[in-house]
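To be precise, the following lines are target.txt, and they hold compact mmCIF, C-alpha atoms and all ligand atoms.
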# COMPACT_ATOMS: atom_id res chain seq x y z
CA MET A 544 1.65 4.46 21.12
CA THR A 545 -0.45 7.07 19.31
CA ASP A 546 -2.11 6.36 15.98
CA ASN A 547 -0.06 9.18 14.49
CA TYR A 548 3.12 7.57 15.70
CA PHE A 549 2.19 4.32 13.90
CA SER A 550 1.22 6.02 10.65
CA ASN A 551 4.11 8.52 10.68
CA THR A 552 6.66 5.77 11.28
CA LEU A 553 5.23 3.73 8.44
CA ILE A 554 5.08 6.66 6.03
CA ASN A 555 8.68 7.65 6.82
CA TRP A 556 9.79 4.08 6.25
CA TYR A 557 7.88 4.04 2.96
CA LYS A 558 9.49 7.24 1.69
CA ALA A 559 12.92 5.76 2.29
CA ASN A 560 12.28 2.22 1.07
CA LYS A 561 9.48 2.13 -1.50
CA ARG A 562 9.92 0.49 -4.85
CA ASP A 563 9.61 2.68 -7.90
CA LEU A 564 6.64 1.13 -9.68
CA PRO A 565 4.87 2.65 -12.69
CA TRP A 566 1.41 2.70 -11.09
CA ARG A 567 2.83 4.76 -8.22
CA ASN A 568 3.64 7.63 -10.57
CA THR A 569 0.06 8.15 -11.68
CA LYS A 570 -3.31 9.10 -10.25
CA ASP A 571 -5.13 7.73 -13.28
CA PRO A 572 -7.76 5.40 -11.77
CA TYR A 573 -7.80 3.26 -14.90
CA LYS A 574 -4.09 2.46 -14.57
CA ILE A 575 -4.31 1.93 -10.82
CA TRP A 576 -7.27 -0.38 -11.34
CA ILE A 577 -5.35 -2.45 -13.91
CA SER A 578 -2.37 -2.70 -11.56
CA GLU A 579 -4.51 -3.72 -8.59
CA ILE A 580 -6.31 -6.45 -10.52
CA ILE A 581 -3.04 -7.80 -11.90
CA LEU A 582 -1.48 -7.82 -8.44
CA GLN A 583 -4.30 -9.88 -6.92
CA GLN A 584 -2.76 -13.35 -6.57
CA THR A 585 0.36 -12.21 -8.44
CA LYS A 586 3.79 -11.02 -7.31
CA VAL A 587 5.01 -7.60 -8.46
CA SER A 588 7.93 -9.08 -10.42
CA GLN A 589 5.57 -11.36 -12.34
CA GLY A 590 2.85 -8.74 -12.79
CA LEU A 591 5.03 -5.86 -13.98
CA PRO A 592 5.57 -7.00 -17.61
CA TYR A 593 1.84 -7.77 -17.85
CA TYR A 594 1.01 -4.28 -16.64
CA HIS A 595 3.18 -2.73 -19.36
CA LYS A 596 1.73 -5.04 -22.02
CA PHE A 597 -1.83 -4.38 -20.89
CA ILE A 598 -1.43 -0.59 -20.88
CA ALA A 599 0.34 -0.69 -24.27
CA ASN A 600 -2.50 -2.73 -25.81
CA PHE A 601 -5.32 -0.92 -24.01
CA PRO A 602 -4.12 2.56 -22.99
CA ASN A 603 -7.48 3.70 -21.61
CA VAL A 604 -10.85 2.38 -20.56
CA LYS A 605 -12.44 2.97 -23.97
CA ALA A 606 -9.71 1.00 -25.74
CA LEU A 607 -10.27 -1.90 -23.36
CA ALA A 608 -14.05 -1.70 -23.77
CA LYS A 609 -13.77 -1.83 -27.56
CA ALA A 610 -11.25 -4.70 -27.66
CA ASN A 611 -12.38 -8.19 -28.49
CA GLU A 612 -12.26 -10.70 -25.66
CA GLU A 613 -9.70 -12.92 -27.35
CA LYS A 614 -7.21 -10.07 -27.48
CA VAL A 615 -7.81 -9.31 -23.79
CA LEU A 616 -7.32 -12.94 -22.80
CA LYS A 617 -4.29 -13.25 -25.06
CA THR A 618 -2.70 -10.26 -23.30
CA TRP A 619 -3.44 -11.95 -19.98
CA GLN A 620 -2.18 -15.36 -21.12
CA GLY A 621 0.12 -16.96 -18.55
CA LEU A 622 -1.04 -14.85 -15.61
CA GLY A 623 -3.78 -17.26 -14.51
CA TYR A 624 -7.11 -16.51 -12.79
CA TYR A 625 -8.57 -15.51 -16.13
CA SER A 626 -11.85 -14.39 -14.59
CA ARG A 627 -9.92 -11.26 -13.59
CA ALA A 628 -9.42 -10.36 -17.26
CA ARG A 629 -12.99 -11.23 -18.25
CA ASN A 630 -14.40 -9.16 -15.37
CA MET A 631 -12.18 -6.19 -16.21
CA HIS A 632 -13.29 -6.34 -19.79
CA SER A 633 -16.94 -6.29 -18.80
CA ALA A 634 -16.36 -3.51 -16.23
CA ALA A 635 -14.57 -1.45 -18.91
CA LYS A 636 -17.63 -1.78 -21.16
CA TYR A 637 -19.84 -0.63 -18.29
CA ILE A 638 -17.64 2.45 -17.68
CA ALA A 639 -17.29 3.27 -21.38
CA PHE A 640 -20.91 2.79 -22.39
CA GLU A 641 -22.96 3.37 -19.22
CA LEU A 642 -20.81 5.96 -17.45
CA ASN A 643 -19.72 7.86 -20.57
CA GLY A 644 -16.14 6.72 -20.13
CA VAL A 645 -15.76 8.44 -16.74
CA PHE A 646 -14.13 6.21 -14.11
CA PRO A 647 -16.19 6.20 -10.88
CA SER A 648 -14.62 8.24 -8.11
CA THR A 649 -16.04 6.93 -4.84
CA PHE A 650 -15.52 3.69 -2.93
CA GLU A 651 -19.20 2.73 -3.27
CA GLU A 652 -19.32 3.41 -7.01
CA ILE A 653 -16.00 1.69 -7.69
CA LYS A 654 -17.25 -1.38 -5.81
CA LYS A 655 -20.04 -1.76 -8.36
CA LEU A 656 -17.47 -2.69 -11.03
CA LYS A 657 -17.38 -6.38 -11.84
CA GLY A 658 -14.53 -8.16 -10.08
CA VAL A 659 -13.92 -5.32 -7.62
CA GLY A 660 -14.26 -6.10 -3.91
CA ASP A 661 -13.69 -4.07 -0.75
CA TYR A 662 -9.92 -4.20 -0.96
CA THR A 663 -9.59 -3.06 -4.59
CA ALA A 664 -12.25 -0.36 -4.20
CA ALA A 665 -10.44 0.94 -1.09
CA ALA A 666 -7.10 0.96 -2.89
CA ILE A 667 -8.40 2.86 -5.93
CA SER A 668 -10.55 5.32 -3.98
CA SER A 669 -7.76 6.14 -1.55
CA PHE A 670 -4.85 6.25 -4.01
CA CYS A 671 -6.69 8.31 -6.63
CA PHE A 672 -9.30 10.25 -4.70
CA LYS A 673 -7.82 10.34 -1.17
CA GLU A 674 -10.88 8.65 0.31
CA LYS A 675 -10.15 7.40 3.83
CA LYS A 676 -10.73 3.68 3.27
CA PRO A 677 -8.55 1.02 4.90
CA VAL A 678 -6.93 -1.54 2.61
CA LEU A 679 -6.79 -5.03 4.01
CA ASP A 680 -4.71 -7.22 1.77
CA GLY A 681 -2.58 -10.22 2.74
CA ASN A 682 0.41 -8.01 3.52
CA VAL A 683 -1.60 -5.82 5.86
CA TYR A 684 -3.22 -8.76 7.68
CA ARG A 685 0.22 -10.23 8.26
CA LEU A 686 1.76 -7.04 9.62
CA LEU A 687 -1.17 -6.24 11.93
CA SER A 688 -1.42 -9.79 13.18
CA ARG A 689 2.27 -9.86 14.06
CA PHE A 690 2.61 -6.34 15.35
CA PHE A 691 -0.38 -6.59 17.71
CA GLY A 692 0.02 -10.33 18.30
CA ILE A 693 -3.52 -11.11 17.13
CA GLU A 694 -4.29 -14.80 16.90
CA THR A 695 -7.81 -14.59 15.47
CA PRO A 696 -7.78 -16.43 12.12
CA ILE A 697 -7.59 -13.89 9.31
CA ASP A 698 -9.96 -15.91 7.13
CA SER A 699 -12.76 -15.97 9.72
CA SER A 700 -15.55 -13.39 9.75
CA GLN A 701 -14.56 -12.46 13.30
CA GLY A 702 -10.97 -11.92 12.13
CA LYS A 703 -12.00 -9.79 9.17
CA LYS A 704 -14.09 -7.59 11.46
CA GLU A 705 -11.38 -7.29 14.10
CA PHE A 706 -8.58 -6.41 11.70
CA TYR A 707 -10.79 -3.96 9.83
CA GLU A 708 -11.62 -2.13 13.06
CA ILE A 709 -7.98 -1.86 14.07
CA LEU A 710 -6.96 -0.59 10.67
CA SER A 711 -9.83 1.92 10.61
CA GLN A 712 -8.44 3.43 13.79
CA LEU A 713 -4.89 3.57 12.47
CA ILE A 714 -5.56 5.18 9.09
CA PRO A 715 -5.04 8.95 9.37
CA ASP A 716 -7.37 11.67 8.05
CA LYS A 717 -4.44 13.28 6.32
CA ASN A 718 -2.78 11.26 3.56
CA PRO A 719 -4.83 8.04 3.77
CA ASP A 720 -3.42 7.21 0.32
CA LEU A 721 0.16 7.39 1.53
CA PHE A 722 -0.67 5.40 4.64
CA ASN A 723 -2.28 2.64 2.58
CA GLN A 724 0.66 2.48 0.18
CA SER A 725 3.03 2.40 3.14
CA ILE A 726 1.40 -0.36 5.13
CA MET A 727 1.07 -2.61 2.07
CA GLU A 728 4.67 -2.01 1.05
CA PHE A 729 5.90 -2.60 4.59
CA GLY A 730 4.15 -5.96 4.68
CA ALA A 731 5.52 -6.89 1.27
CA LEU A 732 9.15 -5.88 1.82
CA GLN A 733 9.82 -5.90 5.55
CA CYS A 734 7.28 -8.10 7.31
CA LYS A 735 7.51 -10.83 4.66
CA PRO A 736 5.63 -14.14 4.99
CA LYS A 737 8.80 -16.17 5.39
CA SER A 738 11.83 -14.75 7.18
CA PRO A 739 10.62 -11.24 8.02
CA ASN A 740 13.44 -8.70 8.43
CA CYS A 741 12.95 -8.33 12.18
CA PRO A 742 16.54 -7.41 13.11
CA SER A 743 16.40 -4.34 10.86
CA CYS A 744 12.76 -3.53 11.61
CA THR A 745 11.71 -0.15 12.85
CA TRP A 746 9.13 -1.93 15.09
CA GLU A 747 11.52 -4.43 16.61
CA ASN A 748 10.93 -3.16 20.16
CA LYS A 749 7.20 -2.76 19.81
CA CYS A 750 6.22 -5.87 17.90
CA GLU A 751 4.34 -8.52 19.90
CA ALA A 752 5.19 -11.39 17.59
CA PHE A 753 8.87 -10.57 17.69
CA ALA A 754 8.89 -10.26 21.49
CA LYS A 755 7.03 -13.56 21.92
CA LYS A 756 8.87 -15.36 19.10
CA LYS A 757 5.65 -15.95 17.19
CA THR A 758 6.48 -14.45 13.82
CA HIS A 759 6.47 -17.89 12.19
CA ILE A 760 2.96 -18.80 13.38
CA LEU A 761 1.25 -15.47 12.68
CA PRO A 762 -1.02 -14.75 10.93
CA ILE A 763 -3.26 -17.73 11.59
CA LYS A 764 -5.55 -19.21 8.96
CA SER A 765 -8.34 -21.57 9.93
CA LYS A 766 -9.41 -23.21 6.73
CA LYS A 767 -7.31 -25.45 4.62
CA LYS A 768 -8.63 -25.36 1.09
CA LYS A 769 -9.48 -28.74 -0.35
CA GLN A 770 -7.69 -29.52 -3.54
CA ARG A 771 -9.52 -31.13 -6.45
CA ILE A 772 -7.53 -33.49 -8.65
CA ARG A 773 -8.44 -33.63 -12.33
CA TYR A 774 -7.22 -35.65 -15.29
CA PHE A 775 -7.28 -33.86 -18.64
CA ASN A 776 -6.58 -35.79 -21.82
CA TYR A 777 -5.96 -33.40 -24.66
CA ILE A 778 -6.31 -34.96 -28.07
CA VAL A 779 -4.10 -33.10 -30.47
CA TYR A 780 -5.43 -34.01 -33.91
CA LYS A 781 -2.97 -33.06 -36.59
CA HIS A 782 -3.85 -33.14 -40.26
CA GLU A 783 -0.97 -31.85 -42.36
CA LYS A 784 -0.39 -28.40 -40.86
CA ASN A 785 -3.86 -28.13 -39.38
CA LEU A 786 -4.85 -28.51 -35.74
CA TYR A 787 -8.21 -28.59 -34.02
CA ILE A 788 -8.98 -26.40 -31.05
CA GLN A 789 -12.06 -25.46 -29.07
CA LYS A 790 -13.18 -22.70 -26.75
CA ARG A 791 -13.88 -23.58 -23.10
CA ILE A 792 -17.34 -22.14 -22.80
CA LYS A 793 -18.51 -23.83 -19.60
CA LYS A 794 -18.31 -22.12 -16.21
CA ASP A 795 -15.07 -23.68 -15.11
CA ILE A 796 -11.39 -22.80 -14.93
CA TRP A 797 -10.01 -21.11 -18.06
CA GLN A 798 -13.42 -20.07 -19.31
CA ASN A 799 -13.29 -18.62 -22.87
CA MET A 800 -9.67 -19.69 -23.33
CA TYR A 801 -8.83 -22.23 -26.04
CA GLU A 802 -7.58 -25.80 -25.77
CA PHE A 803 -7.39 -29.02 -27.80
CA PRO A 804 -10.37 -31.41 -27.83
CA LEU A 805 -10.62 -32.61 -24.26
CA LEU A 806 -11.50 -35.91 -22.67
CA GLU A 807 -11.65 -35.47 -18.90
CA THR A 808 -11.47 -38.74 -16.97
CA GLU A 809 -11.94 -39.77 -13.33
CA ASN A 810 -8.49 -41.35 -13.18
CA GLU A 811 -5.34 -41.34 -15.18
CA ILE A 812 -5.73 -43.45 -18.33
CA THR A 813 -2.94 -45.37 -20.01
CA LYS A 814 -4.80 -46.01 -23.24
CA LEU A 815 -6.93 -43.65 -25.26
CA PRO A 816 -10.36 -45.11 -26.18
CA GLU A 817 -10.37 -46.33 -29.79
CA LYS A 818 -13.17 -43.97 -30.86
CA ASN A 819 -10.97 -40.97 -30.05
CA PHE A 820 -8.43 -41.93 -32.66
CA ASN A 821 -10.75 -40.98 -35.52
CA GLY A 822 -8.87 -43.28 -37.87
CA GLY A 823 -5.51 -41.71 -37.08
CA PHE A 824 -2.43 -43.04 -35.35
CA LEU A 825 -0.79 -42.06 -32.10
CA LYS A 826 2.39 -40.11 -32.65
CA SER A 827 3.36 -39.08 -29.15
CA ILE A 828 2.20 -38.83 -25.54
CA LYS A 829 3.32 -36.03 -23.27
CA LYS A 830 2.39 -35.66 -19.60
CA PHE A 831 2.45 -32.55 -17.43
CA LYS A 832 1.24 -31.44 -14.03
CA HIS A 833 -0.24 -28.02 -13.38
CA LEU A 834 -1.03 -26.58 -9.96
CA LEU A 835 -3.80 -24.09 -9.38
CA SER A 836 -4.90 -22.75 -6.00
CA HIS A 837 -7.67 -25.35 -5.56
CA GLN A 838 -6.94 -27.83 -8.28
CA LYS A 839 -4.20 -30.08 -9.44
CA ILE A 840 -4.39 -30.86 -13.13
CA TYR A 841 -2.69 -33.89 -14.62
CA ALA A 842 -2.69 -33.30 -18.34
CA THR A 843 -1.79 -35.81 -21.02
CA PHE A 844 -1.41 -34.62 -24.60
CA TRP A 845 -2.15 -37.40 -27.08
CA GLU A 846 -0.92 -36.35 -30.49
CA ILE A 847 -2.87 -38.15 -33.20
CA ASN A 848 -1.99 -37.81 -36.85
CA ILE A 849 -5.04 -38.10 -39.08
CA ASN A 850 -5.14 -38.62 -42.84
CA SER A 851 -8.21 -36.56 -43.58
CA SER A 852 -10.13 -33.82 -41.77
CA LEU A 853 -12.21 -34.79 -38.75
CA LYS A 854 -15.80 -35.74 -39.56
CA ASN A 855 -17.26 -33.83 -36.61
CA LYS A 856 -15.00 -30.86 -37.25
CA ASN A 857 -17.78 -28.28 -36.93
CA GLN A 858 -17.55 -28.29 -33.17
CA TYR A 859 -13.90 -27.25 -33.45
CA LYS A 860 -11.91 -24.43 -34.93
CA VAL A 861 -9.40 -25.59 -37.54
CA VAL A 862 -6.20 -23.60 -37.29
CA ASN A 863 -2.96 -23.67 -39.15
CA LEU A 864 0.05 -24.37 -36.98
CA GLU A 865 1.54 -21.03 -38.00
CA ASN A 866 -1.46 -19.09 -36.69
CA ILE A 867 -2.07 -20.99 -33.50
CA ASN A 868 -0.41 -18.38 -31.31
CA GLU A 869 -3.13 -15.88 -32.13
CA PHE A 870 -5.44 -17.69 -29.70
CA PRO A 871 -5.38 -17.43 -25.90
CA PHE A 872 -4.44 -20.71 -24.21
CA PRO A 873 -4.00 -21.72 -20.57
CA LYS A 874 -0.35 -21.93 -19.55
CA ILE A 875 -0.16 -25.73 -19.72
CA VAL A 876 -1.43 -25.78 -23.32
CA GLU A 877 0.72 -22.79 -24.28
CA ASN A 878 3.83 -24.60 -22.99
CA TYR A 879 2.94 -27.74 -24.89
CA ILE A 880 2.50 -25.77 -28.12
CA LYS A 881 5.78 -23.93 -27.57
CA ASN A 882 7.92 -26.89 -26.59
CA ASP A 883 6.38 -30.12 -27.79
CA LEU A 884 4.30 -29.61 -30.88
S1 LIG B 901 9.59 -7.00 14.01
FE1 LIG B 901 9.43 -8.55 12.43
S2 LIG B 901 7.39 -9.43 12.66
FE2 LIG B 901 7.43 -7.49 13.77
S3 LIG B 901 6.66 -5.99 12.30
FE3 LIG B 901 8.88 -6.01 12.15
S4 LIG B 901 9.34 -7.45 10.49
FE4 LIG B 901 7.23 -7.81 11.13
Can the structure from this file be put into structure tokens for me?
Ligand code: SF4
Amino acid sequence: MTDNYFSNTLINWYKANKRDLPWRNTKDPYKIWISEIILQQTKVSQGLPYYHKFIANFPNVKALAKANEEKVLKTWQGLGYYSRARNMHSAAKYIAFELNGVFPSTFEEIKKLKGVGDYTAAAISSFCFKEKKPVLDGNVYRLLSRFFGIETPIDSSQGKKEFYEILSQLIPDKNPDLFNQSIMEFGALQCKPKSPNCPSCTWENKCEAFAKKKTHILPIKSKKKKQRIRYFNYIVYKHEKNLYIQKRIKKDIWQNMYEFPLLETENEITKLPEKNFNGGFLKSIKKFKHLLSHQKIYATFWEININSSLKNKNQYKVVNLENINEFPFPKIVENYIKNDL
């Protein structure tokens, strides 16, 4: 099999099967960057409305640079991995104010942007500037691992090196952008994680995993991530129509998002310590579970009605119930506000 055969087959498949996505009809690096950051850890169907909302609110890099962080996080609300939004905001400021608003045009320069790693820099530099840089995302690892029958774990340094070398040999000089789009799309639509479409696959006769019946075990991952379990007790103080919220300023999940006053405990508690009542009475208790990639959050919302304002209110923001949606909240808090408050 020649390298051209591999890339030509993929590109032909792509032309016939690709999805029509808005970031594929532009060469604007700003828009491609936004789409690539949104699509990290996010499926296209979930990311698409966010892409439209983000571009509508911040149509170019200067608009994003000038926006306040709360508006950026609010636009991102519900998408998770909020460091992506914070990093983009800070990278936009760098481009707007240090690079005179001109988006960098080489792999090395793009990689200097906060939150941009090898994969994203390769995607932007190849799609927009036709730089010959291989893109290794989860879809590409999966396809290569199955097609060549490679059993080296994809999350090992040896695996990363091996797959990168193979892909570097496959990417053509001509149309590296099209090749990268094609291989990612093929992995996403055809060589899917569960139930790949092998019977209708153009590679059916050449694919190692298919021949050896190993599609379900490839690609291999070595490390199982340890999950941390946390117990969040949100104390929802309500005084007439006022609520108390605070910003999560510590380096932790949901940094710079808002939440209710929080008591984090080692274990689940069945009774709220007396001092947390602040003279009020318990109106309701609601419990939810929220899964993140490395953490499982058990959240209990203790709604406490108080007769007068909190004494230590200065550490909180007092907001009227009608205005609460102006603030960015993590999904679990947003759902509570929407459905239970
Ligand atoms: S035959 Fe199946 S496993 Fe092999 S590349 Fe095609 S879809 Fe993927």
(message) What does the structure give for the distance between atom CA of Leu713 of chain A and atom CA of Arg562 of chain A, in Å to one decimal?
(response)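 It comes out at 23.0 Å.
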(request) Enumerate as a list of chain:residue names the residues within 6 Å of ligand LIG 901 (chain B), counting all atoms listed in the file. (result)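 What falls inside 6 Å of ligand LIG 901 (chain B) is A:Leu686, A:Arg689, A:Phe690, A:Gln733, A:Cys734, A:Pro739, A:Asn740, A:Cys741, A:Cys744, A:Trp746, A:Glu747, A:Cys750, A:Ala752, A:Phe753, A:Thr758.
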(request) Show which residues sit within 10 Å of Thr808 of chain A, as a PyMOL selection string. Count only C-alpha atoms, and ignore same-chain residues fewer than 5 positions away. (result) chain A and resi 773-776
Keeping only C-alpha atoms, write the selected residues as an mmCIF file, in the frame of the given file.
data_model
loop_
_atom_site.group_PDB
_atom_site.id
_atom_site.type_symbol
_atom_site.label_atom_id
_atom_site.label_comp_id
_atom_site.auth_asym_id
_atom_site.auth_seq_id
_atom_site.Cartn_x
_atom_site.Cartn_y
_atom_site.Cartn_z
ATOM 1 C CA ARG A 773 -8.440 -33.630 -12.330
ATOM 2 C CA TYR A 774 -7.220 -35.650 -15.290
ATOM 3 C CA PHE A 775 -7.280 -33.860 -18.640
ATOM 4 C CA ASN A 776 -6.580 -35.790 -21.820
#
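Here the question is which of A:Tyr879, A:Tyr662, A:Phe672, A:Phe820 gets nearest to His833 of chain A using only C-alpha atoms, and that residue is A:Tyr879.
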(message) Quick check, in Å to one decimal: how far apart do atom CA of Leu732 of chain A and atom CA of Gln838 of chain A lie?
(response)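 Taking atom CA of Leu732 of chain A and atom CA of Gln838 of chain A, their separation equals 29.0 Å.
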(message) Calculated over all atoms listed in the file, which of the candidates A:Ala635, A:Cys671, A:Leu786, A:Leu884 has the smallest distance to Ile575 of chain A?
(response) A:Cys671
(request) Could you please determine the separation between atom CA of Glu612 of chain A and atom CA of His632 of chain A in Å, to one decimal place? (result)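 Pair atom CA of Glu612 of chain A / atom CA of His632 of chain A returns 7.4 Å.
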(request) Check the smallest atom-to-atom distance from each of A:Asp883, A:Glu807, A:Asp795, A:Glu751 to Ile693 of chain A using only C-alpha atoms, then report the winner. (result)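 The shortest atom-to-atom distance to Ile693 of chain A comes from A:Glu751.
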(message) Taking 4 positions as the minimum chain separation for residues in the same chain, which residues sit within 10 Å of Leu607 of chain A when counting only C-alpha atoms? Answer as a count of residues only.
(response) 17
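Around Asp716 of chain A, within 10 Å and counting only C-alpha atoms, the residues found are Lys673, Glu674, Lys675, Lys676, Leu713, Pro719, Asp720 and Phe722 of chain A, once anything fewer than 3 positions away on its own chain is removed.
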(request) Find the residue from A:Lys860, A:Lys617, A:Arg627, A:Lys766 that sits nearest to Gln584 of chain A; use all atoms listed in the file when measuring. (result) A:Arg627
(message) Every residue with an atom at most 12 Å from (4.7, -4.9, -9.0) (file coordinates; all atoms listed in the file) is what I'm after, so could you write them as a ChimeraX atom specification?
(response) /A:561-567,575,577-595,727-728,731-732
Those residues with C-alpha atoms, as a PDB file, keeping the file's coordinate frame please?
ATOM      1  CA  LYS A 561       9.480   2.130  -1.500  1.00  0.00           C
ATOM      2  CA  ARG A 562       9.920   0.490  -4.850  1.00  0.00           C
ATOM      3  CA  ASP A 563       9.610   2.680  -7.900  1.00  0.00           C
ATOM      4  CA  LEU A 564       6.640   1.130  -9.680  1.00  0.00           C
ATOM      5  CA  PRO A 565       4.870   2.650 -12.690  1.00  0.00           C
ATOM      6  CA  TRP A 566       1.410   2.700 -11.090  1.00  0.00           C
ATOM      7  CA  ARG A 567       2.830   4.760  -8.220  1.00  0.00           C
ATOM      8  CA  ILE A 575      -4.310   1.930 -10.820  1.00  0.00           C
ATOM      9  CA  ILE A 577      -5.350  -2.450 -13.910  1.00  0.00           C
ATOM     10  CA  SER A 578      -2.370  -2.700 -11.560  1.00  0.00           C
ATOM     11  CA  GLU A 579      -4.510  -3.720  -8.590  1.00  0.00           C
ATOM     12  CA  ILE A 580      -6.310  -6.450 -10.520  1.00  0.00           C
ATOM     13  CA  ILE A 581      -3.040  -7.800 -11.900  1.00  0.00           C
ATOM     14  CA  LEU A 582      -1.480  -7.820  -8.440  1.00  0.00           C
ATOM     15  CA  GLN A 583      -4.300  -9.880  -6.920  1.00  0.00           C
ATOM     16  CA  GLN A 584      -2.760 -13.350  -6.570  1.00  0.00           C
ATOM     17  CA  THR A 585       0.360 -12.210  -8.440  1.00  0.00           C
ATOM     18  CA  LYS A 586       3.790 -11.020  -7.310  1.00  0.00           C
ATOM     19  CA  VAL A 587       5.010  -7.600  -8.460  1.00  0.00           C
ATOM     20  CA  SER A 588       7.930  -9.080 -10.420  1.00  0.00           C
ATOM     21  CA  GLN A 589       5.570 -11.360 -12.340  1.00  0.00           C
ATOM     22  CA  GLY A 590       2.850  -8.740 -12.790  1.00  0.00           C
ATOM     23  CA  LEU A 591       5.030  -5.860 -13.980  1.00  0.00           C
ATOM     24  CA  PRO A 592       5.570  -7.000 -17.610  1.00  0.00           C
ATOM     25  CA  TYR A 593       1.840  -7.770 -17.850  1.00  0.00           C
ATOM     26  CA  TYR A 594       1.010  -4.280 -16.640  1.00  0.00           C
ATOM     27  CA  HIS A 595       3.180  -2.730 -19.360  1.00  0.00           C
ATOM     28  CA  MET A 727       1.070  -2.610   2.070  1.00  0.00           C
ATOM     29  CA  GLU A 728       4.670  -2.010   1.050  1.00  0.00           C
ATOM     30  CA  ALA A 731       5.520  -6.890   1.270  1.00  0.00           C
ATOM     31  CA  LEU A 732       9.150  -5.880   1.820  1.00  0.00           C
TER      32      LEU A 732
END
(message) Given only C-alpha atoms as the basis, pick out the residue of A:Asn855, A:Ser688, A:Asn878, A:Asn630 nearest to Ile763 of chain A.
(response)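 When distances to Ile763 of chain A are compared using only C-alpha atoms, the smallest one comes from A:Ser688.
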(request) Determine the nearest neighbour of Ser668 of chain A from the options A:Lys570, A:His782, A:Lys829, A:Lys749, counting all atoms listed in the file. (result)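 Using all atoms listed in the file, Ser668 of chain A sits closest to A:Lys570.
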(request) Dump as a ChimeraX atom specification all residues having an atom at most 12 Å from (-11.7, -14.8, 7.5), computed in the file's coordinates with only C-alpha atoms. (result) /A:679-681,684,694-707,762-767
(message) Report as a ChimeraX atom specification all protein, DNA and RNA residues lying within 9 Å of Tyr801 of chain A, evaluated on all atoms listed in the file, omitting residues in the same chain fewer than 3 positions from it.
(response) /A:788-791,797-798,870-873,876
Generate a file for segment 860-874 of chain A, containing N, CA and C atoms, as a PDB file, in the first residue's frame.
ATOM      1  N   LYS A 860     -22.036  37.687  47.235  1.00  0.00           N
ATOM      2  CA  LYS A 860     -22.745  38.630  46.380  1.00  0.00           C
ATOM      3  C   LYS A 860     -24.229  38.415  46.659  1.00  0.00           C
ATOM      4  N   VAL A 861     -24.957  39.485  46.904  1.00  0.00           N
ATOM      5  CA  VAL A 861     -26.396  39.341  47.140  1.00  0.00           C
ATOM      6  C   VAL A 861     -27.089  39.593  45.810  1.00  0.00           C
ATOM      7  N   VAL A 862     -27.854  38.610  45.349  1.00  0.00           N
ATOM      8  CA  VAL A 862     -28.531  38.801  44.063  1.00  0.00           C
ATOM      9  C   VAL A 862     -30.016  38.535  44.190  1.00  0.00           C
ATOM     10  N   ASN A 863     -30.749  39.309  43.421  1.00  0.00           N
ATOM     11  CA  ASN A 863     -32.188  39.099  43.371  1.00  0.00           C
ATOM     12  C   ASN A 863     -32.459  37.872  42.502  1.00  0.00           C
ATOM     13  N   LEU A 864     -33.438  37.110  42.912  1.00  0.00           N
ATOM     14  CA  LEU A 864     -33.794  35.892  42.185  1.00  0.00           C
ATOM     15  C   LEU A 864     -33.995  36.145  40.690  1.00  0.00           C
ATOM     16  N   GLU A 865     -34.557  37.320  40.374  1.00  0.00           N
ATOM     17  CA  GLU A 865     -34.822  37.618  38.957  1.00  0.00           C
ATOM     18  C   GLU A 865     -33.543  37.824  38.145  1.00  0.00           C
ATOM     19  N   ASN A 866     -32.458  38.198  38.826  1.00  0.00           N
ATOM     20  CA  ASN A 866     -31.221  38.490  38.076  1.00  0.00           C
ATOM     21  C   ASN A 866     -30.197  37.362  38.144  1.00  0.00           C
ATOM     22  N   ILE A 867     -30.561  36.292  38.811  1.00  0.00           N
ATOM     23  CA  ILE A 867     -29.541  35.277  39.083  1.00  0.00           C
ATOM     24  C   ILE A 867     -28.972  34.645  37.815  1.00  0.00           C
ATOM     25  N   ASN A 868     -29.768  34.621  36.760  1.00  0.00           N
ATOM     26  CA  ASN A 868     -29.285  33.990  35.529  1.00  0.00           C
ATOM     27  C   ASN A 868     -28.227  34.785  34.786  1.00  0.00           C
ATOM     28  N   GLU A 869     -27.925  35.969  35.299  1.00  0.00           N
ATOM     29  CA  GLU A 869     -26.857  36.749  34.650  1.00  0.00           C
ATOM     30  C   GLU A 869     -25.489  36.184  34.989  1.00  0.00           C
ATOM     31  N   PHE A 870     -25.415  35.341  36.012  1.00  0.00           N
ATOM     32  CA  PHE A 870     -24.108  34.833  36.458  1.00  0.00           C
ATOM     33  C   PHE A 870     -23.825  33.442  35.892  1.00  0.00           C
ATOM     34  N   PRO A 871     -22.533  33.144  35.642  1.00  0.00           N
ATOM     35  CA  PRO A 871     -22.210  31.805  35.140  1.00  0.00           C
ATOM     36  C   PRO A 871     -22.133  30.782  36.274  1.00  0.00           C
ATOM     37  N   PHE A 872     -22.868  29.706  36.151  1.00  0.00           N
ATOM     38  CA  PHE A 872     -22.884  28.648  37.169  1.00  0.00           C
ATOM     39  C   PHE A 872     -22.476  27.314  36.560  1.00  0.00           C
ATOM     40  N   PRO A 873     -21.872  26.424  37.354  1.00  0.00           N
ATOM     41  CA  PRO A 873     -21.668  25.060  36.855  1.00  0.00           C
ATOM     42  C   PRO A 873     -23.028  24.407  36.615  1.00  0.00           C
ATOM     43  N   LYS A 874     -23.031  23.421  35.746  1.00  0.00           N
ATOM     44  CA  LYS A 874     -24.280  22.771  35.316  1.00  0.00           C
ATOM     45  C   LYS A 874     -25.168  22.326  36.488  1.00  0.00           C
TER      46      LYS A 874
END
